[in-house]
>>> print(open('query_8.csv').read())   # CSV, C-alpha atoms and all ligand atoms
chain,number,residue,atom,x,y,z
A,42,MET,CA,0.0,0.0,0.0
A,43,ASP,CA,1.4,3.4,-1.0
A,44,ILE,CA,-0.3,6.5,0.5
A,45,LYS,CA,0.0,10.0,-0.9
A,46,ASN,CA,-3.3,11.4,0.4
A,47,ALA,CA,-5.4,9.9,3.2
A,48,LEU,CA,-8.4,11.0,5.1
A,49,ILE,CA,-9.5,9.8,8.6
A,50,VAL,CA,-13.0,10.8,9.5
A,51,GLY,CA,-13.5,10.8,13.2
A,52,ALA,CA,-9.8,11.4,14.2
A,53,GLY,CA,-10.2,13.5,17.3
A,54,HIS,CA,-9.3,10.7,19.7
A,55,GLY,CA,-9.3,6.9,20.1
A,56,ILE,CA,-8.5,4.7,17.1
A,57,GLY,CA,-8.9,7.6,14.6
A,58,LEU,CA,-6.1,9.5,16.3
A,59,GLY,CA,-4.0,6.4,16.4
A,60,LEU,CA,-4.6,6.0,12.6
A,61,VAL,CA,-3.4,9.6,11.9
A,62,GLN,CA,-0.3,9.1,14.1
A,63,SER,CA,0.5,5.7,12.5
A,64,LEU,CA,0.0,7.0,8.9
A,65,LEU,CA,2.3,10.0,9.6
A,66,GLU,CA,4.9,7.7,10.8
A,67,GLN,CA,4.6,5.0,8.0
A,68,PHE,CA,4.2,7.5,5.2
A,69,PRO,CA,6.1,10.7,6.2
A,70,ASN,CA,5.8,12.3,2.8
A,71,SER,CA,2.0,11.8,2.6
A,72,GLN,CA,-0.7,14.4,3.4
A,73,ILE,CA,-3.0,13.1,6.1
A,74,PHE,CA,-6.4,14.9,6.3
A,75,ALA,CA,-8.4,14.4,9.6
A,76,THR,CA,-11.7,15.5,10.8
A,77,TYR,CA,-12.9,15.9,14.4
A,78,ARG,CA,-16.1,17.2,16.1
A,79,ASP,CA,-15.2,17.8,19.7
A,80,GLU,CA,-12.3,20.4,19.8
A,81,LYS,CA,-11.5,19.8,23.5
A,82,ARG,CA,-11.0,16.1,23.0
A,83,ALA,CA,-9.0,16.7,19.8
A,84,SER,CA,-6.2,18.5,21.4
A,85,GLU,CA,-3.6,15.7,20.7
A,86,LEU,CA,-4.7,15.6,17.0
A,87,LEU,CA,-4.4,19.4,16.7
A,88,LYS,CA,-0.7,19.0,17.8
A,89,THR,CA,0.1,16.6,15.0
A,90,SER,CA,1.0,17.7,11.5
A,91,ALA,CA,-2.2,16.4,10.0
A,92,HIS,CA,-4.5,18.7,8.1
A,93,SER,CA,-7.2,18.8,10.6
A,94,LYS,CA,-10.7,20.2,10.2
A,95,TYR,CA,-13.8,20.5,12.4
A,96,ILE,CA,-16.7,18.8,10.7
A,97,ASP,CA,-20.1,17.6,12.0
A,98,PRO,CA,-20.5,14.7,9.6
A,99,SER,CA,-24.2,14.6,10.1
A,100,VAL,CA,-24.6,17.9,8.3
A,101,GLU,CA,-24.5,16.7,4.7
A,102,GLU,CA,-24.0,20.1,3.0
A,103,ASP,CA,-20.9,20.7,5.2
A,104,LEU,CA,-19.6,17.2,4.3
A,105,LEU,CA,-20.2,17.9,0.6
A,106,GLU,CA,-18.3,21.2,0.7
A,107,TYR,CA,-15.4,19.7,2.7
A,108,PHE,CA,-14.9,16.8,0.3
A,109,LYS,CA,-14.7,19.4,-2.6
A,110,THR,CA,-11.6,20.9,-0.9
A,111,LEU,CA,-9.7,17.6,-0.8
A,112,PRO,CA,-7.3,16.2,-3.4
A,113,GLU,CA,-7.7,12.7,-4.9
A,114,LEU,CA,-7.5,10.2,-2.0
A,115,ASP,CA,-5.8,6.8,-1.8
A,116,LEU,CA,-7.3,5.9,1.6
A,117,VAL,CA,-10.4,7.0,3.5
A,118,ILE,CA,-11.1,5.5,6.9
A,119,CYS,CA,-14.3,6.3,8.8
A,120,THR,CA,-14.0,5.5,12.5
A,121,ILE,CA,-17.4,7.0,13.5
A,122,GLY,CA,-19.3,5.0,16.0
A,123,ALA,CA,-20.8,5.2,19.5
A,124,LEU,CA,-21.9,2.7,22.1
A,125,GLN,CA,-24.2,4.3,24.6
A,126,LYS,CA,-25.7,2.4,27.5
A,127,PRO,CA,-26.2,-0.9,25.7
A,128,GLU,CA,-29.6,-2.6,25.9
A,129,LYS,CA,-29.2,-5.9,27.8
A,130,SER,CA,-32.8,-6.9,27.5
A,131,LEU,CA,-36.0,-6.2,25.6
A,132,ARG,CA,-37.0,-4.2,28.6
A,133,ASP,CA,-34.4,-1.6,27.6
A,134,ILE,CA,-35.5,-1.1,24.0
A,135,SER,CA,-36.7,2.3,23.0
A,136,ILE,CA,-37.2,3.8,19.6
A,137,GLU,CA,-35.1,6.9,20.5
A,138,GLN,CA,-32.0,4.8,21.5
A,139,LEU,CA,-32.3,2.4,18.5
A,140,SER,CA,-32.7,5.4,16.1
A,141,GLU,CA,-29.6,7.1,17.6
A,142,ALA,CA,-27.5,3.9,17.4
A,143,PHE,CA,-28.5,3.5,13.7
A,144,LYS,CA,-27.8,7.2,13.0
A,145,VAL,CA,-24.3,7.3,14.4
A,146,ASN,CA,-23.1,3.8,13.5
A,147,ALA,CA,-24.7,3.3,10.1
A,148,ALA,CA,-26.3,6.4,8.5
A,149,ILE,CA,-23.5,8.9,9.1
A,150,PRO,CA,-20.8,6.5,7.9
A,151,MET,CA,-22.9,6.0,4.8
A,152,LEU,CA,-22.8,9.7,4.1
A,153,ILE,CA,-19.0,9.4,4.1
A,154,CYS,CA,-19.3,6.5,1.6
A,155,LYS,CA,-21.5,8.7,-0.6
A,156,HIS,CA,-19.4,11.8,-0.6
A,157,ALA,CA,-16.0,10.2,-0.8
A,158,LYS,CA,-16.7,8.8,-4.2
A,159,PRO,CA,-15.7,11.9,-6.3
A,160,ARG,CA,-12.4,12.0,-4.5
A,161,LEU,CA,-11.5,8.4,-5.4
A,162,ASN,CA,-9.8,7.7,-8.7
A,163,LYS,CA,-11.7,5.1,-10.7
A,164,THR,CA,-8.7,3.4,-12.2
A,165,SER,CA,-6.1,3.5,-9.4
A,166,GLU,CA,-5.8,1.4,-6.3
A,167,ASN,CA,-7.5,3.0,-3.3
A,168,TYR,CA,-9.4,2.1,-0.2
A,169,LEU,CA,-12.7,3.1,1.5
A,170,ILE,CA,-12.8,1.5,5.0
A,171,PHE,CA,-15.3,1.7,7.9
A,172,LEU,CA,-14.7,0.5,11.4
A,173,SER,CA,-17.4,-2.0,12.4
A,174,ALA,CA,-17.4,-4.4,15.3
A,175,MET,CA,-17.4,-8.2,15.7
A,176,VAL,CA,-20.8,-7.9,17.5
A,177,GLY,CA,-22.3,-6.8,14.2
A,178,SER,CA,-21.7,-10.3,12.9
A,179,ILE,CA,-25.1,-12.0,12.8
A,180,GLY,CA,-23.4,-15.4,12.2
A,181,ASP,CA,-21.2,-15.0,15.3
A,182,ASN,CA,-23.9,-13.8,17.6
A,183,GLN,CA,-23.8,-16.4,20.5
A,184,VAL,CA,-24.5,-14.2,23.5
A,185,GLY,CA,-27.2,-11.7,22.5
A,186,GLY,CA,-27.6,-8.3,24.2
A,187,TRP,CA,-26.3,-4.9,23.0
A,188,TYR,CA,-29.3,-4.7,20.6
A,189,GLY,CA,-28.9,-1.3,19.1
A,190,TYR,CA,-25.1,-1.2,18.7
A,191,ARG,CA,-25.0,-4.8,17.4
A,192,ALA,CA,-27.8,-4.3,14.9
A,193,ALA,CA,-26.5,-0.8,13.8
A,194,LYS,CA,-23.1,-2.4,13.0
A,195,SER,CA,-24.9,-5.2,11.1
A,196,ALA,CA,-26.7,-2.5,9.1
A,197,LEU,CA,-23.4,-0.7,8.5
A,198,ASN,CA,-21.9,-4.0,7.2
A,199,GLN,CA,-24.9,-4.5,4.8
A,200,LEU,CA,-24.7,-0.9,3.6
A,201,ILE,CA,-21.0,-1.1,2.8
A,202,LYS,CA,-21.3,-4.5,1.2
A,203,THR,CA,-24.0,-3.0,-1.0
A,204,ALA,CA,-22.0,0.1,-1.8
A,205,SER,CA,-19.0,-2.1,-2.7
A,206,ILE,CA,-21.2,-3.8,-5.4
A,207,GLU,CA,-22.2,-0.3,-6.8
A,208,TYR,CA,-18.6,0.9,-6.9
A,209,SER,CA,-17.5,-2.3,-8.7
A,210,ARG,CA,-20.3,-2.1,-11.2
A,211,ALA,CA,-19.4,1.5,-11.9
A,212,GLY,CA,-15.9,0.3,-12.8
A,213,TYR,CA,-14.1,1.4,-9.6
A,214,LYS,CA,-11.0,-0.5,-8.4
A,215,THR,CA,-11.7,0.9,-4.9
A,216,LYS,CA,-11.6,-1.7,-2.2
A,217,LEU,CA,-14.4,-1.1,0.3
A,218,GLY,CA,-14.3,-2.9,3.6
A,219,VAL,CA,-15.6,-3.1,7.2
A,220,ILE,CA,-13.0,-4.0,9.9
A,221,HIS,CA,-13.3,-5.0,13.5
A,222,PRO,CA,-10.4,-3.3,15.3
A,223,GLY,CA,-10.4,-5.7,18.2
A,224,THR,CA,-10.9,-4.5,21.8
A,225,THR,CA,-9.1,-1.2,22.1
A,226,GLU,CA,-8.7,1.1,25.1
A,227,THR,CA,-10.7,4.2,24.1
A,228,GLU,CA,-13.5,6.4,25.4
A,229,LEU,CA,-16.0,4.1,23.7
A,230,SER,CA,-14.8,0.9,25.4
A,231,LYS,CA,-13.6,2.1,28.8
A,232,ALA,CA,-16.8,1.3,30.7
A,233,PHE,CA,-16.7,-2.3,29.3
A,234,LEU,CA,-13.1,-3.4,29.8
A,235,GLY,CA,-13.6,-4.7,33.4
A,236,ASN,CA,-14.4,-8.3,32.5
A,237,VAL,CA,-12.4,-8.5,29.3
A,238,LYS,CA,-10.1,-11.6,29.4
A,239,HIS,CA,-8.5,-11.3,26.0
A,240,ARG,CA,-5.9,-8.8,24.9
A,241,VAL,CA,-6.8,-5.1,24.8
A,242,TRP,CA,-4.9,-3.0,22.2
A,243,THR,CA,-3.7,0.6,22.6
A,244,PRO,CA,-5.1,2.9,19.9
A,245,ILE,CA,-1.7,3.0,18.1
A,246,GLU,CA,-1.4,-0.9,18.1
A,247,SER,CA,-5.0,-1.1,16.9
A,248,ALA,CA,-4.2,1.4,14.1
A,249,GLN,CA,-1.2,-0.6,13.0
A,250,ASN,CA,-3.3,-3.8,12.9
A,251,ILE,CA,-5.9,-2.0,10.8
A,252,LEU,CA,-3.4,-0.6,8.3
A,253,LYS,CA,-1.9,-4.1,7.9
A,254,VAL,CA,-5.3,-5.6,7.2
A,255,ILE,CA,-6.1,-2.9,4.7
A,256,GLY,CA,-2.7,-3.4,2.9
A,257,ASP,CA,-3.4,-7.1,2.7
A,258,LEU,CA,-7.0,-6.8,1.3
A,259,LYS,CA,-7.5,-9.0,-1.7
A,260,SER,CA,-11.0,-8.0,-2.8
A,261,THR,CA,-13.7,-5.5,-2.1
A,262,GLY,CA,-16.8,-5.9,0.1
A,263,GLU,CA,-15.2,-7.9,3.0
A,264,PHE,CA,-15.7,-8.0,6.7
A,265,LYS,CA,-12.3,-8.5,8.4
A,266,ASN,CA,-11.0,-9.0,11.9
A,267,TRP,CA,-8.0,-7.1,13.2
A,268,ASP,CA,-5.8,-10.1,12.4
A,269,GLY,CA,-6.8,-10.3,8.8
A,270,THR,CA,-9.2,-13.2,9.1
A,271,THR,CA,-12.7,-13.0,7.6
A,272,ILE,CA,-15.6,-12.6,9.9
A,273,PRO,CA,-19.0,-14.2,9.0
A,274,TRP,CA,-21.6,-11.7,8.1
A,301,LIG,N1,-12.7,0.5,21.1
A,301,LIG,C1,-13.1,-0.8,20.9
A,301,LIG,O1,-12.8,-1.7,21.7
A,301,LIG,C2,-13.9,-1.0,19.6
A,301,LIG,C3,-14.3,-2.4,19.4
A,301,LIG,C4,-15.0,-2.6,18.2
A,301,LIG,C5,-15.3,-1.6,17.3
A,301,LIG,N2,-14.9,-0.3,17.6
A,301,LIG,C6,-15.3,0.7,16.6
A,301,LIG,O2,-14.2,1.5,16.3
A,301,LIG,C7,-14.6,2.8,16.0
A,301,LIG,C8,-13.7,3.8,16.7
A,301,LIG,O3,-14.0,3.8,18.1
A,301,LIG,P1,-13.0,4.2,19.3
A,301,LIG,O4,-12.9,3.0,20.1
A,301,LIG,O5,-11.8,4.9,18.7
A,301,LIG,O6,-14.0,5.2,20.1
A,301,LIG,P2,-14.0,6.8,20.3
A,301,LIG,O7,-12.6,7.2,20.8
A,301,LIG,O8,-15.1,7.1,21.2
A,301,LIG,O9,-14.2,7.4,18.8
A,301,LIG,C9,-15.4,7.4,18.2
A,301,LIG,C10,-15.4,8.4,17.1
A,301,LIG,O10,-16.8,8.5,16.6
A,301,LIG,C11,-17.1,9.9,16.6
A,301,LIG,N3,-18.5,10.0,17.0
A,301,LIG,C12,-19.2,9.5,18.1
A,301,LIG,N4,-20.5,9.9,18.1
A,301,LIG,C13,-20.6,10.7,17.0
A,301,LIG,C14,-21.7,11.4,16.4
A,301,LIG,N5,-22.9,11.4,17.0
A,301,LIG,N6,-21.5,12.1,15.2
A,301,LIG,C15,-20.3,12.1,14.6
A,301,LIG,N7,-19.2,11.4,15.1
A,301,LIG,C16,-19.4,10.8,16.3
A,301,LIG,C17,-16.3,10.5,17.7
A,301,LIG,O11,-16.1,11.9,17.4
A,301,LIG,P3,-16.2,13.1,18.5
A,301,LIG,O12,-15.8,12.6,19.8
A,301,LIG,O13,-15.3,14.1,18.0
A,301,LIG,O14,-17.6,13.5,18.5
A,301,LIG,C18,-15.0,9.7,17.5
A,301,LIG,O15,-14.2,10.3,16.4
A,301,LIG,C19,-16.1,2.9,16.3
A,301,LIG,O16,-16.8,2.8,15.1
A,301,LIG,C20,-16.3,1.7,17.2
A,301,LIG,O17,-17.6,1.2,17.1
A,301,LIG,C21,-14.2,0.0,18.7
>>> encode(input="query_8.csv", output="structure tokens", more="lines below")
Ligand SMILES: NC(=O)c1ccc[n+]([C@@H]2O[C@H](COP(=O)([O-])OP(=O)(O)OC[C@H]3O[C@@H](n4cnc5c(N)ncnc54)[C@H](OP(=O)(O)O)[C@@H]3O)[C@@H](O)[C@H]2O)c1
Amino acid sequence: MDIKNALIVGAGHGIGLGLVQSLLEQFPNSQIFATYRDEKRASELLKTSAHSKYIDPSVEEDLLEYFKTLPELDLVICTIGALQKPEKSLRDISIEQLSEAFKVNAAIPMLICKHAKPRLNKTSENYLIFLSAMVGSIGDNQVGGWYGYRAAKSALNQLIKTASIEYSRAGYKTKLGVIHPGTTETELSKAFLGNVKHRVWTPIESAQNILKVIGDLKSTGEFKNWDGTTIPW
């Protein structure tokens, strides 16, 4: 994988920030563009040499204008996702919480998928990647719970798989993919790490794993684990 211009959407902290830092280290001559929403939590990002920009990605007109300012991109990674208080039981289900989970984890990333297209060269190798989660695998669902986050990540997977078919039919060589980063110590996960028995990555380690998986992608429309193995839909 050779990167001249990359964009990380959702780079203010967590894995997104790790991705910016790893890309700057691995590709020192590249331009790394990065968006954030919360300026206070993005202080570390603002100290890097990335081209950082405040964007609320749910405002489609702003997103459209922002993408117009970018050069042709070799790599776009959308990290946007949120896990509010997860529903453990049917008792916890509400239309408000389900709607919010789908908005943040599926609908907003899909706007990135839509507006990145004009910045991706049809004939050269490039990547359009979304951070998903293992719990979004319907085939792997053994334990239930976490209704909204789980189902919203499944929806993201289906949306990106569908978009990968549209990109291919339009003649794009772009590899679209959804990747489970593995459990990583971030704001999103910190409340849930107490009982975790397996390895927990730092954001930088997680970013390095993700970049390796992307570089090894053989085809478009795949759901990959942090170690490069394929996850069942
Ligand atoms: N950490 C893990 O163990 C783990 C495991 C599996 C999957 N993932 C996935 O990995 C991705 C990155 O997560 P992370 O662990 O790095 O968590 P994080 O530090 O909380 O980052 C989440 C990102 O999503 C953005 N975001 C959250 N709510 C948003 C909203 N309503 N509108 C727009 N942007 C919003 C945040 O931006 P602002 O803060 O600037 O608003 C931030 O950039 C997520 O998609 C998550 O589901 C993480």
>>> residues_near_ligand(input="query_8.csv", ligand="ligand LIG 301 (chain A)", cutoff="7 Å", atoms="all atoms listed in the file", output="PyMOL selection string")
chain A and resi 51-57+77-79+82+97-99+120-124+145-146+172-175+221-230
>>> residues_around(input="query_8.csv", residues="Ile44 (chain A)", least_positions_apart="6", cutoff="10 Å", atoms="only C-alpha atoms", output="list in words")
Leu64, Gln67, Phe68, Pro69, Asn70, Ser71, Gln72, Ile73, Leu114, Asp115, Leu116 and Asn167 of chain A
>>> residues_around(input="query_8.csv", residues="Gln62 (chain A)", least_positions_apart="2", cutoff="9 Å", atoms="only C-alpha atoms", output="JSON, numbers by chain")
{"A": [57, 58, 59, 60, 64, 65, 66, 67, 86, 89, 91, 245, 248]}
>>> atom_distance(input="query_8.csv", atom1="CA of Tyr213 (chain A)", atom2="CA of Val61 (chain A)")
25.4 Å
>>> closest_residue(input="query_8.csv", among="A:Glu137, A:Glu80, A:Glu102, A:Glu85", to="Leu152 (chain A)", atoms="all atoms listed in the file")
A:Glu102
>>> residues_near_point(input="query_8.csv", point="(-21.9, -0.1, -2.7)", cutoff="12 Å", atoms="only C-alpha atoms", output="NGL selection string")
:A and (151-152 or 154-155 or 158 or 169 or 197-213 or 215-218 or 261-263)
>>> atom_distance(input="query_8.csv", atom1="CA of Lys238 (chain A)", atom2="CA of Asp181 (chain A)")
18.3 Å
>>> closest_residue(input="query_8.csv", among="A:Leu252, A:Val184, A:Ala232, A:Ile153", to="Asp103 (chain A)", atoms="all atoms listed in the file")
A:Ile153
>>> residues_around(input="query_8.csv", residues="Arg191 (chain A)", least_positions_apart="3", cutoff="8 Å", atoms="only C-alpha atoms", output="PyMOL selection string")
chain A and resi 174+176-178+187-188+194-195
>>> atom_distance(input="query_8.csv", atom1="CA of Ser247 (chain A)", atom2="CA of Lys129 (chain A)")
27.0 Å
>>> closest_residue(input="query_8.csv", among="A:Tyr168, A:Tyr190, A:Ile255, A:Arg160", to="Lys144 (chain A)", atoms="all atoms listed in the file")
A:Tyr190
>>> closest_residue(input="query_8.csv", among="A:Pro112, A:Gly189, A:Pro244, A:Gly235", to="Asn162 (chain A)", atoms="only C-alpha atoms")
A:Pro112
>>> closest_residue(input="query_8.csv", among="A:Ala192, A:Ala75, A:Met42, A:Ile220", to="Leu139 (chain A)", atoms="all atoms listed in the file")
A:Ala192
>>> closest_residue(input="query_8.csv", among="A:Gln183, A:Ala157, A:Lys231, A:Ile134", to="Glu106 (chain A)", atoms="only C-alpha atoms")
A:Ala157
>>> decode(input="query_8.csv", residues="region 131-142 of chain A", atoms="all heavy atoms", output="PDB file, in the first residue's frame")
ATOM      1  N   LEU A 131     -34.880  -6.875  26.269  1.00  0.00           N
ATOM      2  CA  LEU A 131     -35.993  -6.238  25.557  1.00  0.00           C
ATOM      3  C   LEU A 131     -36.596  -5.097  26.378  1.00  0.00           C
ATOM      4  O   LEU A 131     -37.100  -4.122  25.828  1.00  0.00           O
ATOM      5  CB  LEU A 131     -37.072  -7.277  25.238  1.00  0.00           C
ATOM      6  CG  LEU A 131     -36.678  -8.333  24.198  1.00  0.00           C
ATOM      7  CD1 LEU A 131     -37.706  -9.453  24.155  1.00  0.00           C
ATOM      8  CD2 LEU A 131     -36.548  -7.682  22.822  1.00  0.00           C
ATOM      9  N   ARG A 132     -36.506  -5.224  27.703  1.00  0.00           N
ATOM     10  CA  ARG A 132     -37.037  -4.171  28.586  1.00  0.00           C
ATOM     11  C   ARG A 132     -36.390  -2.818  28.310  1.00  0.00           C
ATOM     12  O   ARG A 132     -36.957  -1.768  28.563  1.00  0.00           O
ATOM     13  CB  ARG A 132     -36.743  -4.517  30.068  1.00  0.00           C
ATOM     14  CG  ARG A 132     -37.639  -5.532  30.709  1.00  0.00           C
ATOM     15  CD  ARG A 132     -37.353  -5.585  32.224  1.00  0.00           C
ATOM     16  NE  ARG A 132     -35.945  -5.778  32.516  1.00  0.00           N
ATOM     17  CZ  ARG A 132     -35.341  -6.962  32.568  1.00  0.00           C
ATOM     18  NH1 ARG A 132     -36.039  -8.067  32.355  1.00  0.00           N
ATOM     19  NH2 ARG A 132     -34.054  -7.062  32.838  1.00  0.00           N
ATOM     20  N   ASP A 133     -35.148  -2.853  27.813  1.00  0.00           N
ATOM     21  CA  ASP A 133     -34.378  -1.607  27.626  1.00  0.00           C
ATOM     22  C   ASP A 133     -34.608  -0.964  26.251  1.00  0.00           C
ATOM     23  O   ASP A 133     -34.057   0.106  25.974  1.00  0.00           O
ATOM     24  CB  ASP A 133     -32.875  -1.896  27.761  1.00  0.00           C
ATOM     25  CG  ASP A 133     -32.532  -2.537  29.089  1.00  0.00           C
ATOM     26  OD1 ASP A 133     -33.203  -2.189  30.086  1.00  0.00           O
ATOM     27  OD2 ASP A 133     -31.622  -3.388  29.122  1.00  0.00           O
ATOM     28  N   ILE A 134     -35.388  -1.629  25.401  1.00  0.00           N
ATOM     29  CA  ILE A 134     -35.541  -1.132  24.034  1.00  0.00           C
ATOM     30  C   ILE A 134     -36.377   0.144  24.009  1.00  0.00           C
ATOM     31  O   ILE A 134     -37.445   0.208  24.620  1.00  0.00           O
ATOM     32  CB  ILE A 134     -36.227  -2.208  23.137  1.00  0.00           C
ATOM     33  CG1 ILE A 134     -35.328  -3.431  22.990  1.00  0.00           C
ATOM     34  CG2 ILE A 134     -36.638  -1.645  21.778  1.00  0.00           C
ATOM     35  CD1 ILE A 134     -34.052  -3.229  22.241  1.00  0.00           C
ATOM     36  N   SER A 135     -35.871   1.158  23.281  1.00  0.00           N
ATOM     37  CA  SER A 135     -36.687   2.348  23.015  1.00  0.00           C
ATOM     38  C   SER A 135     -36.405   2.800  21.592  1.00  0.00           C
ATOM     39  O   SER A 135     -35.296   2.594  21.078  1.00  0.00           O
ATOM     40  CB  SER A 135     -36.346   3.491  23.986  1.00  0.00           C
ATOM     41  OG  SER A 135     -35.108   4.066  23.629  1.00  0.00           O
ATOM     42  N   ILE A 136     -37.394   3.407  20.982  1.00  0.00           N
ATOM     43  CA  ILE A 136     -37.235   3.843  19.596  1.00  0.00           C
ATOM     44  C   ILE A 136     -36.155   4.923  19.514  1.00  0.00           C
ATOM     45  O   ILE A 136     -35.387   4.979  18.558  1.00  0.00           O
ATOM     46  CB  ILE A 136     -38.591   4.290  19.002  1.00  0.00           C
ATOM     47  CG1 ILE A 136     -38.492   4.293  17.482  1.00  0.00           C
ATOM     48  CG2 ILE A 136     -39.046   5.627  19.509  1.00  0.00           C
ATOM     49  CD1 ILE A 136     -39.817   4.140  16.797  1.00  0.00           C
ATOM     50  N   GLU A 137     -36.058   5.762  20.559  1.00  0.00           N
ATOM     51  CA  GLU A 137     -35.070   6.851  20.541  1.00  0.00           C
ATOM     52  C   GLU A 137     -33.652   6.283  20.514  1.00  0.00           C
ATOM     53  O   GLU A 137     -32.819   6.705  19.717  1.00  0.00           O
ATOM     54  CB  GLU A 137     -35.236   7.755  21.776  1.00  0.00           C
ATOM     55  CG  GLU A 137     -36.504   8.591  21.798  1.00  0.00           C
ATOM     56  CD  GLU A 137     -37.743   7.787  22.170  1.00  0.00           C
ATOM     57  OE1 GLU A 137     -37.602   6.679  22.733  1.00  0.00           O
ATOM     58  OE2 GLU A 137     -38.860   8.262  21.884  1.00  0.00           O
ATOM     59  N   GLN A 138     -33.386   5.325  21.419  1.00  0.00           N
ATOM     60  CA  GLN A 138     -32.013   4.808  21.506  1.00  0.00           C
ATOM     61  C   GLN A 138     -31.648   3.994  20.253  1.00  0.00           C
ATOM     62  O   GLN A 138     -30.528   4.076  19.757  1.00  0.00           O
ATOM     63  CB  GLN A 138     -31.837   3.971  22.783  1.00  0.00           C
ATOM     64  CG  GLN A 138     -30.359   3.677  23.014  1.00  0.00           C
ATOM     65  CD  GLN A 138     -30.025   3.183  24.398  1.00  0.00           C
ATOM     66  OE1 GLN A 138     -30.605   3.634  25.384  1.00  0.00           O
ATOM     67  NE2 GLN A 138     -29.078   2.253  24.481  1.00  0.00           N
ATOM     68  N   LEU A 139     -32.613   3.197  19.754  1.00  0.00           N
ATOM     69  CA  LEU A 139     -32.325   2.430  18.525  1.00  0.00           C
ATOM     70  C   LEU A 139     -32.053   3.379  17.359  1.00  0.00           C
ATOM     71  O   LEU A 139     -31.123   3.173  16.583  1.00  0.00           O
ATOM     72  CB  LEU A 139     -33.505   1.516  18.173  1.00  0.00           C
ATOM     73  CG  LEU A 139     -33.639   0.223  18.982  1.00  0.00           C
ATOM     74  CD1 LEU A 139     -34.882  -0.551  18.544  1.00  0.00           C
ATOM     75  CD2 LEU A 139     -32.406  -0.665  18.841  1.00  0.00           C
ATOM     76  N   SER A 140     -32.859   4.436  17.243  1.00  0.00           N
ATOM     77  CA  SER A 140     -32.688   5.383  16.129  1.00  0.00           C
ATOM     78  C   SER A 140     -31.324   6.051  16.204  1.00  0.00           C
ATOM     79  O   SER A 140     -30.636   6.207  15.196  1.00  0.00           O
ATOM     80  CB  SER A 140     -33.769   6.465  16.155  1.00  0.00           C
ATOM     81  OG  SER A 140     -35.027   5.871  16.146  1.00  0.00           O
ATOM     82  N   GLU A 141     -30.913   6.445  17.415  1.00  0.00           N
ATOM     83  CA  GLU A 141     -29.615   7.117  17.588  1.00  0.00           C
ATOM     84  C   GLU A 141     -28.470   6.161  17.237  1.00  0.00           C
ATOM     85  O   GLU A 141     -27.504   6.554  16.567  1.00  0.00           O
ATOM     86  CB  GLU A 141     -29.491   7.621  19.038  1.00  0.00           C
ATOM     87  CG  GLU A 141     -28.246   8.429  19.344  1.00  0.00           C
ATOM     88  CD  GLU A 141     -28.089   9.720  18.520  1.00  0.00           C
ATOM     89  OE1 GLU A 141     -29.097  10.233  18.004  1.00  0.00           O
ATOM     90  OE2 GLU A 141     -26.930  10.192  18.398  1.00  0.00           O
ATOM     91  N   ALA A 142     -28.601   4.898  17.664  1.00  0.00           N
ATOM     92  CA  ALA A 142     -27.547   3.911  17.359  1.00  0.00           C
ATOM     93  C   ALA A 142     -27.396   3.743  15.846  1.00  0.00           C
ATOM     94  O   ALA A 142     -26.279   3.701  15.317  1.00  0.00           O
ATOM     95  CB  ALA A 142     -27.876   2.569  18.014  1.00  0.00           C
TER      96      ALA A 142
END
